[in-house]
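Quick notes on the structure that follows.
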Amino acid sequence: MTGDRFARHALIPGWDQQRLAEATVVLVGAGALGNTVAQTLALAGVGRLVVCDPDTVAVSNLSRCPLFRAADAGRPKARVLAGALADLAPGTVVDARTAPHVSGAGLAELREADLVVSALDSRAARISLAGRCTLAGTGMLDGGTHAWGGEVSWYPPGGRCRACGLGPAERAVQDDPWSCAAPDPAAEVGASAPVSALVGAWLADFAVRLLLGLSVPEAPLRVDAAGFAVPLSGAPPRDRPDPDCPLHERLPAEVPVLPLDHEATVADLLDHMDVHEEPLAWAGFSRPVRRRAAVRAVTSRLRSAPASARLSALGVAPREVLPVARRDGSGLRYVELAAAPAEPGGRQGDLTEARRATTEGVL
Ligand SMILES: [Zn+2]
């Protein structure tokens, strides 16, 4: 086969194929919106996608997810999506992370990504991702749907985040997404292929425009399946964070990189700490309570884990930046985990173990 796959792109004013080829997008959520976004970004020629989703394909996904097939039921969504894109758009490298975003993509990866796209189905997960994007200093493009429409919002680096304007009670809400494989009927809402495709296309369009350095609307875009899409009126300026929002910490400009990756053990990590330092995980993990092994407590203190436990099994993401507290309360520093050696085919290892650890941590 000869010819240039992207020949028609070259005719579009403002298009820069090389810029897209060099771009990395972290996509959080491989459901209906995530399918459309991943498919469109890969077709457009985005060079690398890091796709995080802990869930598996359910039969009920097949009506809205163009990259899933009936034979994929029960398989991890992120891996199925990566496999489909390898065929559809082989020029795009897809790193599938079968874990929630907090265990799937480390802060150093978010910091170096050109864009983070949120295609999540829960407010709590969006707020959690917003906090990590703010720490990393990377913009977050967020999409969501309802029965006959949806919304697409751009949160630029240093500007408002998904949690700005929310009260403490709204920020604290725990509405963790239900698993498609084990649906909670109380959490199910209506969803359809046309609406997912419509909102997903807006999300992908904004993503490409942002990667190309082109403008997107100042205010969140309200998409209505009855026939219009308009920026919301009266939205506060997106470049001014809410002063009461607690999610606007930034990582220091310089973070030391340790000579170990997320497959190292807790003992390996502690070799780089002094006795007064307490390295913390961003995702809570469960540990047995002393003398009553049947009772487990959730903690983020890595010294509480077995010394032989791998950081990945405790929910620590690849290239994570870990906070390190001083036991005397005298301050906090950060350390960055090195990149793991690349696996053949550019795919990351299975993070099912990490997912289990973080899921246990939530329960
Ligand atoms: Zn905020």
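Within each chain, counting starts at residue 1; across the structure tokens, chains are named A, B, ... in the order shown, with ligands numbered 1 upward in that order.
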(request) Name the residues in contact with Val25 of chain A at a cut-off of 7 Å, using only C-alpha atoms, excluding same-chain residues fewer than 4 positions from it; report them as a list of chain:residue names. (result) A:Arg48, A:Leu49, A:Val50, A:Ala113, A:Asp114, A:Leu115, A:Val116
(message) Residues within 7 Å of segment 245-254 of chain A, please, as number ranges by chain. Count only C-alpha atoms; anything in the same chain fewer than 4 positions from it doesn't count.
(response) A: 131, 134-137, 163-164
Residue subset to file, keeping C-alpha atoms, as a PDB file, in the first residue's frame:
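Output (again-v9.pdb):
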ATOM      1  CA  GLY A 131      -5.808  17.005  41.996  1.00  0.00           C
ATOM      2  CA  THR A 134      -2.786  20.177  39.290  1.00  0.00           C
ATOM      3  CA  LEU A 135       0.158  18.625  41.137  1.00  0.00           C
ATOM      4  CA  ALA A 136       1.741  17.675  37.821  1.00  0.00           C
ATOM      5  CA  GLY A 137       0.945  21.019  36.161  1.00  0.00           C
ATOM      6  CA  ALA A 163     -13.144  20.858  42.087  1.00  0.00           C
ATOM      7  CA  CYS A 164     -13.111  24.683  41.989  1.00  0.00           C
TER       8      CYS A 164
END
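Considering only C-alpha atoms and all ligand atoms, the residue among A:Pro318, A:Gly143, A:Pro243, A:Pro279 positioned nearest to ligand 1 is A:Pro243.
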(request) Quick one: everything within 10 Å of Leu166 of chain A, counting only C-alpha atoms, minus sequence neighbours fewer than 5 positions away in the same chain. Send it as JSON, numbers by chain. (result) {"A": [171, 172, 242, 244, 245]}
(request) Return as a PyMOL selection string the full set of residues in segment 117-244 of chain A whose backbone-based DSSP assignment is strand (DSSP E). (result) chain A and resi 117-118+140-146+149-155+221-224+228-231
Could I get the residues of segment 140-257 of chain A with an atom no further than 8 Å from an atom of segment 12-20 of chain A, each paired with its nearest atom pair and that distance in Å to one decimal, using only C-alpha atoms, sorted by chain and residue number, as a tab-separated table?
residue	atom	partner	partner_atom	distance
A:Val208	CA	A:Leu20	CA	7.8
A:Leu211	CA	A:Leu20	CA	6.7
A:Leu212	CA	A:Asp16	CA	6.6
A:Leu214	CA	A:Gly14	CA	7.8
Filtering to N, CA, C and O atoms, could you give me those residues as a PDB file, in the first residue's frame?
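The new file part02.pdb reads:
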ATOM      1  N   VAL A 208      -7.567  17.397  20.076  1.00  0.00           N
ATOM      2  CA  VAL A 208      -6.700  17.645  18.914  1.00  0.00           C
ATOM      3  C   VAL A 208      -6.396  19.136  18.799  1.00  0.00           C
ATOM      4  O   VAL A 208      -5.251  19.539  18.568  1.00  0.00           O
ATOM      5  N   LEU A 211      -3.843  20.082  21.368  1.00  0.00           N
ATOM      6  CA  LEU A 211      -2.519  19.563  21.001  1.00  0.00           C
ATOM      7  C   LEU A 211      -1.899  20.388  19.879  1.00  0.00           C
ATOM      8  O   LEU A 211      -0.675  20.522  19.796  1.00  0.00           O
ATOM      9  N   LEU A 212      -2.743  20.927  19.016  1.00  0.00           N
ATOM     10  CA  LEU A 212      -2.247  21.750  17.900  1.00  0.00           C
ATOM     11  C   LEU A 212      -2.045  23.210  18.299  1.00  0.00           C
ATOM     12  O   LEU A 212      -1.642  24.028  17.475  1.00  0.00           O
ATOM     13  N   LEU A 214      -4.484  25.252  19.196  1.00  0.00           N
ATOM     14  CA  LEU A 214      -5.627  26.041  18.729  1.00  0.00           C
ATOM     15  C   LEU A 214      -6.592  26.282  19.886  1.00  0.00           C
ATOM     16  O   LEU A 214      -6.560  25.598  20.906  1.00  0.00           O
TER      17      LEU A 214
END
(message) Using only C-alpha atoms, can you tell me which of A:Asp239, A:Asp274, A:Asp53, A:Glu188 comes closest to Arg160 of chain A?
(response) A:Asp239
